[in-house]
>>> print(open('query.tsv').read())   # TSV, C-alpha atoms
chain	number	residue	atom	x	y	z
A	252	MET	CA	98.34	82.68	96.20
A	253	THR	CA	95.91	80.40	97.99
A	254	GLY	CA	93.78	82.64	100.16
A	255	ASP	CA	96.55	85.02	100.98
A	256	ALA	CA	99.46	82.61	101.24
A	257	LEU	CA	102.42	82.58	98.87
A	258	VAL	CA	102.71	79.01	97.64
A	259	ILE	CA	106.10	78.14	96.17
A	260	ALA	CA	107.90	74.88	95.39
A	261	MET	CA	111.12	74.24	97.33
A	262	LYS	CA	113.10	74.22	94.08
A	263	LEU	CA	111.85	77.69	93.15
A	264	ARG	CA	112.37	79.03	96.65
A	265	ASP	CA	115.98	77.76	96.49
A	266	GLU	CA	116.39	79.39	93.08
A	267	MET	CA	115.24	82.71	94.49
A	268	VAL	CA	117.56	82.40	97.50
A	269	ASP	CA	120.50	81.45	95.24
A	270	HIS	CA	119.92	84.53	93.09
A	271	CYS	CA	119.99	86.65	96.23
A	272	SER	CA	123.18	84.99	97.48
A	273	GLN	CA	124.85	85.50	94.12
A	274	GLY	CA	124.04	89.20	94.29
A	275	ARG	CA	126.11	89.85	97.39
A	276	PRO	CA	127.45	92.25	98.54
A	277	ASN	CA	124.55	94.06	96.86
A	278	GLU	CA	120.87	93.48	97.29
A	279	ALA	CA	119.35	91.27	94.62
A	280	CYS	CA	115.81	91.40	93.28
A	281	GLY	CA	113.31	89.84	90.97
A	282	LEU	CA	109.72	88.94	90.27
A	283	LEU	CA	107.62	85.89	90.99
A	284	ALA	CA	105.29	84.67	88.27
A	285	THR	CA	102.21	82.79	89.40
A	286	LYS	CA	99.55	80.67	87.75
A	287	ASP	CA	96.43	79.53	89.53
A	288	GLY	CA	97.74	80.94	92.79
A	289	GLU	CA	101.11	79.20	92.81
A	290	VAL	CA	104.57	80.51	91.96
A	291	VAL	CA	105.65	78.85	88.72
A	292	LYS	CA	108.66	80.93	87.76
A	293	VAL	CA	111.31	83.03	89.42
A	294	LEU	CA	112.29	85.97	87.23
A	295	LYS	CA	115.81	86.88	88.28
A	296	MET	CA	116.34	90.56	87.56
A	297	ALA	CA	119.28	92.89	87.80
A	298	ASN	CA	119.46	95.36	90.67
A	299	ALA	CA	119.74	98.64	88.77
A	300	ALA	CA	120.67	100.40	92.02
A	301	ALA	CA	123.67	98.05	92.47
A	302	SER	CA	123.72	98.79	96.18
A	303	PRO	CA	123.99	96.77	99.39
A	304	VAL	CA	121.10	98.78	100.84
A	305	ARG	CA	118.85	99.61	97.85
A	306	TYR	CA	117.28	97.75	94.99
A	307	ALA	CA	115.48	98.89	91.89
A	308	LEU	CA	114.24	97.13	88.81
A	309	ASP	CA	115.50	98.58	85.58
A	310	PRO	CA	112.27	99.86	83.92
A	311	LYS	CA	113.18	98.32	80.57
A	312	GLU	CA	113.87	94.92	82.09
A	313	GLN	CA	110.69	95.21	84.14
A	314	PHE	CA	108.73	96.10	81.00
A	315	GLU	CA	110.10	93.07	79.15
A	316	ALA	CA	109.32	90.83	82.12
A	317	TYR	CA	105.72	92.07	82.31
A	318	LYS	CA	105.34	91.42	78.58
A	319	LEU	CA	106.60	87.86	79.10
A	320	LEU	CA	104.08	87.33	81.88
A	321	ASP	CA	101.30	88.47	79.56
A	322	GLN	CA	102.52	86.31	76.69
A	323	ASP	CA	102.80	83.20	78.87
A	324	GLY	CA	99.43	83.75	80.56
A	325	LEU	CA	101.08	84.22	83.95
A	326	GLU	CA	100.42	86.77	86.65
A	327	LEU	CA	102.72	88.93	88.70
A	328	GLY	CA	102.56	87.10	92.03
A	329	GLY	CA	105.27	88.85	93.98
A	330	VAL	CA	108.33	91.04	94.08
A	331	PHE	CA	111.37	89.67	95.90
A	332	HIS	CA	114.56	91.26	97.10
A	333	SER	CA	117.28	90.49	99.60
A	334	HIS	CA	118.39	92.12	102.79
A	335	THR	CA	122.08	91.35	103.01
A	336	ARG	CA	122.52	92.12	106.69
A	337	THR	CA	119.13	92.84	108.18
A	338	GLU	CA	116.07	90.80	108.96
A	339	ALA	CA	113.45	89.59	106.53
A	340	TYR	CA	111.06	92.44	107.29
A	341	PRO	CA	110.14	95.52	105.24
A	342	SER	CA	112.42	98.46	105.88
A	343	PRO	CA	111.07	102.02	105.96
A	344	THR	CA	112.44	102.34	102.41
A	345	ASP	CA	110.58	99.21	101.35
A	346	VAL	CA	107.34	100.65	102.72
A	347	ARG	CA	107.89	104.09	101.27
A	348	MET	CA	108.65	102.80	97.78
A	349	ALA	CA	106.14	99.96	97.61
A	350	THR	CA	103.80	100.39	94.67
A	351	GLU	CA	102.62	97.02	93.43
A	352	ASP	CA	99.58	95.33	94.92
A	353	VAL	CA	101.33	91.98	95.35
A	354	PRO	CA	103.30	90.34	98.17
A	355	TYR	CA	106.79	91.68	98.70
A	356	VAL	CA	109.09	88.75	99.51
A	357	ILE	CA	112.20	89.49	101.51
A	358	VAL	CA	115.14	87.10	101.64
A	359	SER	CA	117.39	87.80	104.59
A	360	LEU	CA	120.99	86.68	104.17
A	361	ALA	CA	121.94	87.91	107.63
A	362	ARG	CA	122.22	84.37	108.94
A	363	GLU	CA	122.39	80.82	107.61
A	364	PRO	CA	120.08	79.47	106.43
A	365	ALA	CA	118.49	82.38	104.60
A	366	GLU	CA	115.10	83.43	105.89
A	367	VAL	CA	112.23	84.05	103.48
A	368	ARG	CA	109.14	85.99	104.52
A	369	ALA	CA	106.45	87.80	102.53
A	370	PHE	CA	104.37	90.87	103.26
A	371	ARG	CA	101.70	93.04	101.73
A	372	ILE	CA	102.24	96.77	102.07
A	373	VAL	CA	98.73	98.18	102.30
A	374	LYS	CA	98.38	101.85	101.42
A	375	SER	CA	95.39	104.17	101.19
A	376	GLU	CA	96.82	105.60	97.96
A	377	TRP	CA	99.20	103.53	95.85
A	378	ALA	CA	102.16	105.91	96.24
A	379	ASP	CA	101.62	106.95	99.85
A	380	PRO	CA	104.92	107.04	101.78
A	381	GLY	CA	103.40	105.05	104.64
A	382	GLY	CA	101.42	101.87	104.80
A	383	ASP	CA	100.42	98.92	106.94
A	384	ILE	CA	102.60	95.83	106.86
A	385	LEU	CA	100.64	92.56	106.75
A	386	GLU	CA	102.57	89.30	106.73
A	387	VAL	CA	101.65	86.75	104.06
A	388	PRO	CA	102.45	83.13	104.98
A	389	VAL	CA	105.00	81.50	102.68
A	390	VAL	CA	104.03	77.89	102.01
A	391	VAL	CA	106.96	75.90	100.64
A	392	GLU	CA	105.99	72.66	98.93
A	393	GLY	CA	108.07	69.63	98.00
B	164	MET	CA	89.69	104.00	69.21
B	165	ALA	CA	93.16	103.14	67.95
B	166	VAL	CA	95.63	103.20	70.84
B	167	GLU	CA	95.77	100.46	73.42
B	168	VAL	CA	96.73	101.44	76.98
B	169	ARG	CA	97.82	98.61	79.27
B	170	ILE	CA	96.88	99.21	82.89
B	171	PRO	CA	98.91	97.55	85.67
B	172	THR	CA	97.16	95.84	88.56
B	173	VAL	CA	97.75	98.69	90.98
B	174	PHE	CA	95.60	101.10	88.91
B	175	ARG	CA	92.81	98.73	87.97
B	176	LYS	CA	90.62	99.77	90.87
B	177	PHE	CA	90.20	103.02	88.92
B	178	THR	CA	89.33	101.25	85.67
B	179	GLY	CA	86.70	98.80	86.85
B	180	ASP	CA	89.40	96.13	86.80
B	181	ARG	CA	90.01	96.61	83.11
B	182	SER	CA	93.58	95.84	82.08
B	183	VAL	CA	93.37	97.35	78.60
B	184	ILE	CA	91.71	100.64	77.64
B	185	GLU	CA	91.44	102.08	74.16
B	186	VAL	CA	91.90	105.77	73.44
B	187	GLU	CA	92.49	108.01	70.42
B	188	PRO	CA	95.99	108.92	69.17
B	189	GLY	CA	97.63	112.00	70.60
B	190	THR	CA	100.43	112.93	72.97
B	191	ILE	CA	100.90	110.95	76.18
B	192	SER	CA	99.46	113.93	78.02
B	193	GLN	CA	96.34	113.71	75.86
B	194	VAL	CA	96.18	109.95	76.33
B	195	ILE	CA	96.18	110.43	80.10
B	196	ASP	CA	93.43	113.03	79.79
B	197	GLN	CA	91.36	110.57	77.77
B	198	LEU	CA	91.93	107.87	80.37
B	199	ASP	CA	90.67	110.26	83.03
B	200	VAL	CA	87.52	111.06	81.05
B	201	GLN	CA	86.75	107.36	80.80
B	202	HIS	CA	87.88	106.60	84.36
B	203	PRO	CA	87.76	109.68	86.58
B	204	GLY	CA	90.50	109.83	89.18
B	205	LEU	CA	93.09	107.92	87.18
B	206	LYS	CA	94.97	111.02	86.04
B	207	GLU	CA	95.49	112.11	89.64
B	208	GLN	CA	97.28	108.80	90.27
B	209	LEU	CA	99.61	109.27	87.32
B	210	MET	CA	100.43	112.96	87.50
B	211	THR	CA	101.66	115.41	90.12
B	212	PRO	CA	99.63	118.55	90.90
B	213	GLN	CA	102.34	120.42	88.95
B	214	GLY	CA	101.41	118.55	85.78
B	215	GLU	CA	104.40	116.21	85.67
B	216	LEU	CA	104.45	112.46	85.48
B	217	HIS	CA	104.55	110.87	88.94
B	218	ARG	CA	108.11	109.77	89.67
B	219	PHE	CA	106.94	106.25	90.48
B	220	VAL	CA	105.30	105.84	87.05
B	221	ASN	CA	107.09	104.74	83.90
B	222	ILE	CA	105.37	104.95	80.54
B	223	TYR	CA	106.32	102.91	77.51
B	224	VAL	CA	105.15	103.64	74.00
B	225	ASN	CA	105.52	100.32	72.24
B	226	ASP	CA	109.02	99.32	73.39
B	227	GLU	CA	110.35	102.79	74.15
B	228	ASP	CA	110.49	104.51	77.53
B	229	ALA	CA	108.75	107.87	77.11
B	230	ARG	CA	111.28	109.51	79.44
B	231	TYR	CA	113.84	109.04	76.66
B	232	LEU	CA	111.50	110.25	73.95
B	233	GLU	CA	109.55	113.44	74.52
B	234	LYS	CA	108.07	112.56	77.90
B	235	LEU	CA	104.48	113.79	78.14
B	236	ASP	CA	104.76	115.31	74.65
B	237	THR	CA	105.61	111.95	73.11
B	238	LYS	CA	103.26	111.31	70.23
B	239	VAL	CA	101.24	108.13	70.26
B	240	ALA	CA	99.93	107.02	66.90
B	241	GLU	CA	97.20	104.70	65.73
B	242	GLY	CA	98.14	101.10	66.46
B	243	ASP	CA	100.61	102.03	69.22
B	244	THR	CA	100.53	100.41	72.65
B	245	VAL	CA	101.07	102.50	75.77
B	246	SER	CA	102.09	100.60	78.89
B	247	LEU	CA	101.97	102.08	82.36
B	248	LEU	CA	104.46	100.63	84.83
B	249	PRO	CA	104.78	101.45	88.52
B	250	SER	CA	108.42	101.58	89.54
B	251	VAL	CA	109.61	98.69	91.69
B	252	ALA	CA	112.26	99.59	94.22
B	253	GLY	CA	113.09	99.58	97.88
B	254	GLY	CA	115.87	98.73	100.26
>>> encode(input="query.tsv", output="structure tokens")
Amino acid sequence: MTGDALVIAMKLRDEMVDHCSQGRPNEACGLLATKDGEVVKVLKMANAAASPVRYALDPKEQFEAYKLLDQDGLELGGVFHSHTRTEAYPSPTDVRMATEDVPYVIVSLAREPAEVRAFRIVKSEWADPGGDILEVPVVVEG
Amino acid sequence: MAVEVRIPTVFRKFTGDRSVIEVEPGTISQVIDQLDVQHPGLKEQLMTPQGELHRFVNIYVNDEDARYLEKLDTKVAEGDTVSLLPSVAGG
């Protein structure tokens, strides 16, 4: 990120949105790999919850993805998931289950075109059920 | 020190921003105790007061999820890598 903006190329943003669209009727999810503050790769992951209202990364797939990030000298720059029918804003479940200290990107498929917004969930303790929601600007380039 | 423990970003504020910490071989429980000696407060983030692994934490020993091995009793040998992963989920 630059400052605290999520910088992503249009092509990668579209890739992320496509992955979310393909996941319907269930929520889709994945990770964003960054280098020097910019998203360079969209890691499309399976939704282990296979639900229209929940998402979860399979721990094994997550582990392999984190290893790849390390190997390629990339950083975890964000976690994305879709809301199939609700707005691009963290749900109470999103807040309760947020653990990573990176922007959470939400792709809303409720209307066309899809809306993409990003947020930090700021908690006093990493696994607190509650937290403050701070929006992170998404800067789409190209 | 012969076991490498990989620390995810979310716990690095407890490790002085270190992403890799070395400990001695032992069970995962003993590895966590060693981490806490080196970086006080880290164990409390990983374990419940009842002595169980926090449900939002996954632990891998090399490429194996410790939940499918012997959980906190899983033995970690010299040369092994232990990776801590916070679960990623929501709705």
>>> residues_around(input="query.tsv", residues="Val224 in chain B", least_positions_apart="3", cutoff="7 Å", atoms="only C-alpha atoms", output="PyMOL selection string")
chain B and resi 227-229+243-246
>>> atom_distance(input="query.tsv", atom1="CA of Pro249 in chain B", atom2="CA of Val200 in chain B")
21.1 Å
>>> residues_around(input="query.tsv", residues="Arg275 in chain A", least_positions_apart="5", cutoff="10 Å", atoms="all atoms listed in the file", output="PyMOL selection string")
chain A and resi 270+301-303+333-335+360
>>> residues_near_point(input="query.tsv", point="(102.7, 111.4, 87.1)", cutoff="10 Å", atoms="only C-alpha atoms", output="VMD selection string")
chain B and resid 192 195 206 to 222 235
>>> atom_distance(input="query.tsv", atom1="CA of Val390 in chain A", atom2="CA of Ala252 in chain B")
24.5 Å
>>> atom_distance(input="query.tsv", atom1="CA of Lys292 in chain A", atom2="CA of Val268 in chain A")
13.3 Å
>>> closest_atom_pairs(input="query.tsv", of="chain A", to="chain B", cutoff="10 Å", atoms="all atoms listed in the file", output="Markdown table")
| residue | atom | partner | partner_atom | distance |
| --- | --- | --- | --- | --- |
| A:Glu278 | CA | B:Gly254 | CA | 7.8 |
| A:Ala279 | CA | B:Gly254 | CA | 10.0 |
| A:Cys280 | CA | B:Ala252 | CA | 9.0 |
| A:Gly281 | CA | B:Val251 | CA | 9.6 |
| A:Leu282 | CA | B:Val251 | CA | 9.9 |
| A:Asn298 | CA | B:Ala252 | CA | 9.1 |
| A:Ala299 | CA | B:Ala252 | CA | 9.3 |
| A:Ala300 | CA | B:Ala252 | CA | 8.7 |
| A:Ser302 | CA | B:Gly254 | CA | 8.8 |
| A:Pro303 | CA | B:Gly254 | CA | 8.4 |
| A:Val304 | CA | B:Gly254 | CA | 5.3 |
| A:Arg305 | CA | B:Gly254 | CA | 3.9 |
| A:Tyr306 | CA | B:Ala252 | CA | 5.4 |
| A:Ala307 | CA | B:Ala252 | CA | 4.0 |
| A:Leu308 | CA | B:Val251 | CA | 5.7 |
| A:Asp309 | CA | B:Val251 | CA | 8.5 |
| A:Pro310 | CA | B:Ser250 | CA | 7.0 |
| A:Lys311 | CA | B:Asp228 | CA | 7.4 |
| A:Gln313 | CA | B:Leu248 | CA | 8.3 |
| A:Phe314 | CA | B:Leu248 | CA | 7.3 |
| A:Glu315 | CA | B:Asp226 | CA | 8.6 |
| A:Tyr317 | CA | B:Leu248 | CA | 9.0 |
| A:Lys318 | CA | B:Ser246 | CA | 9.7 |
| A:Glu326 | CA | B:Thr172 | CA | 9.8 |
| A:Leu327 | CA | B:Thr172 | CA | 8.9 |
| A:Val330 | CA | B:Val251 | CA | 8.1 |
| A:His332 | CA | B:Gly254 | CA | 8.2 |
| A:Ser333 | CA | B:Gly254 | CA | 8.4 |
| A:His334 | CA | B:Gly254 | CA | 7.5 |
| A:Pro341 | CA | B:Gly254 | CA | 8.2 |
| A:Ser342 | CA | B:Gly254 | CA | 6.6 |
| A:Pro343 | CA | B:Gly254 | CA | 8.1 |
| A:Thr344 | CA | B:Gly253 | CA | 5.3 |
| A:Asp345 | CA | B:Gly253 | CA | 4.3 |
| A:Val346 | CA | B:Gly253 | CA | 7.6 |
| A:Arg347 | CA | B:Gly253 | CA | 7.7 |
| A:Met348 | CA | B:Gly253 | CA | 5.5 |
| A:Ala349 | CA | B:Gly253 | CA | 7.0 |
| A:Thr350 | CA | B:Pro249 | CA | 6.3 |
| A:Glu351 | CA | B:Val173 | CA | 5.7 |
| A:Asp352 | CA | B:Val173 | CA | 5.5 |
| A:Val353 | CA | B:Val173 | CA | 8.8 |
| A:Glu376 | CA | B:Gln208 | CA | 8.3 |
| A:Trp377 | CA | B:Val173 | CA | 7.0 |
| A:Ala378 | CA | B:Phe219 | CA | 7.5 |
>>> residues_around(input="query.tsv", residues="Val183 in chain B", least_positions_apart="4", cutoff="8 Å", atoms="all atoms listed in the file", output="PyMOL selection string")
chain B and resi 167-170
>>> closest_residue(input="query.tsv", among="B:Val239, B:Lys234, B:Phe177, B:Ser182", to="Val194 in chain B", atoms="all atoms listed in the file")
B:Val239
>>> axis_aligned_box(input="query.tsv", around="range 297-304 of chain A", padding_each_side="6 Å", output="JSON")
{"center_x": 121.6, "center_y": 96.6, "center_z": 94.3, "size_x": 16.7, "size_y": 19.5, "size_z": 25.0}
>>> residues_around(input="query.tsv", residues="Val356 in chain A", least_positions_apart="6", cutoff="9 Å", atoms="only C-alpha atoms", output="short mmCIF file (atom, residue, chain, number, x, y, z; two decimals) with C-alpha atoms, in the frame of the given file")
data_model
loop_
_atom_site.label_atom_id
_atom_site.label_comp_id
_atom_site.auth_asym_id
_atom_site.auth_seq_id
_atom_site.Cartn_x
_atom_site.Cartn_y
_atom_site.Cartn_z
CA GLY A 329 105.27 88.85 93.98
CA VAL A 330 108.33 91.04 94.08
CA PHE A 331 111.37 89.67 95.90
CA HIS A 332 114.56 91.26 97.10
CA SER A 333 117.28 90.49 99.60
CA ALA A 339 113.45 89.59 106.53
CA TYR A 340 111.06 92.44 107.29
CA PRO A 341 110.14 95.52 105.24
CA VAL A 367 112.23 84.05 103.48
CA ARG A 368 109.14 85.99 104.52
CA ALA A 369 106.45 87.80 102.53
CA PHE A 370 104.37 90.87 103.26
CA ARG A 371 101.70 93.04 101.73
CA VAL A 387 101.65 86.75 104.06
CA VAL A 389 105.00 81.50 102.68
#
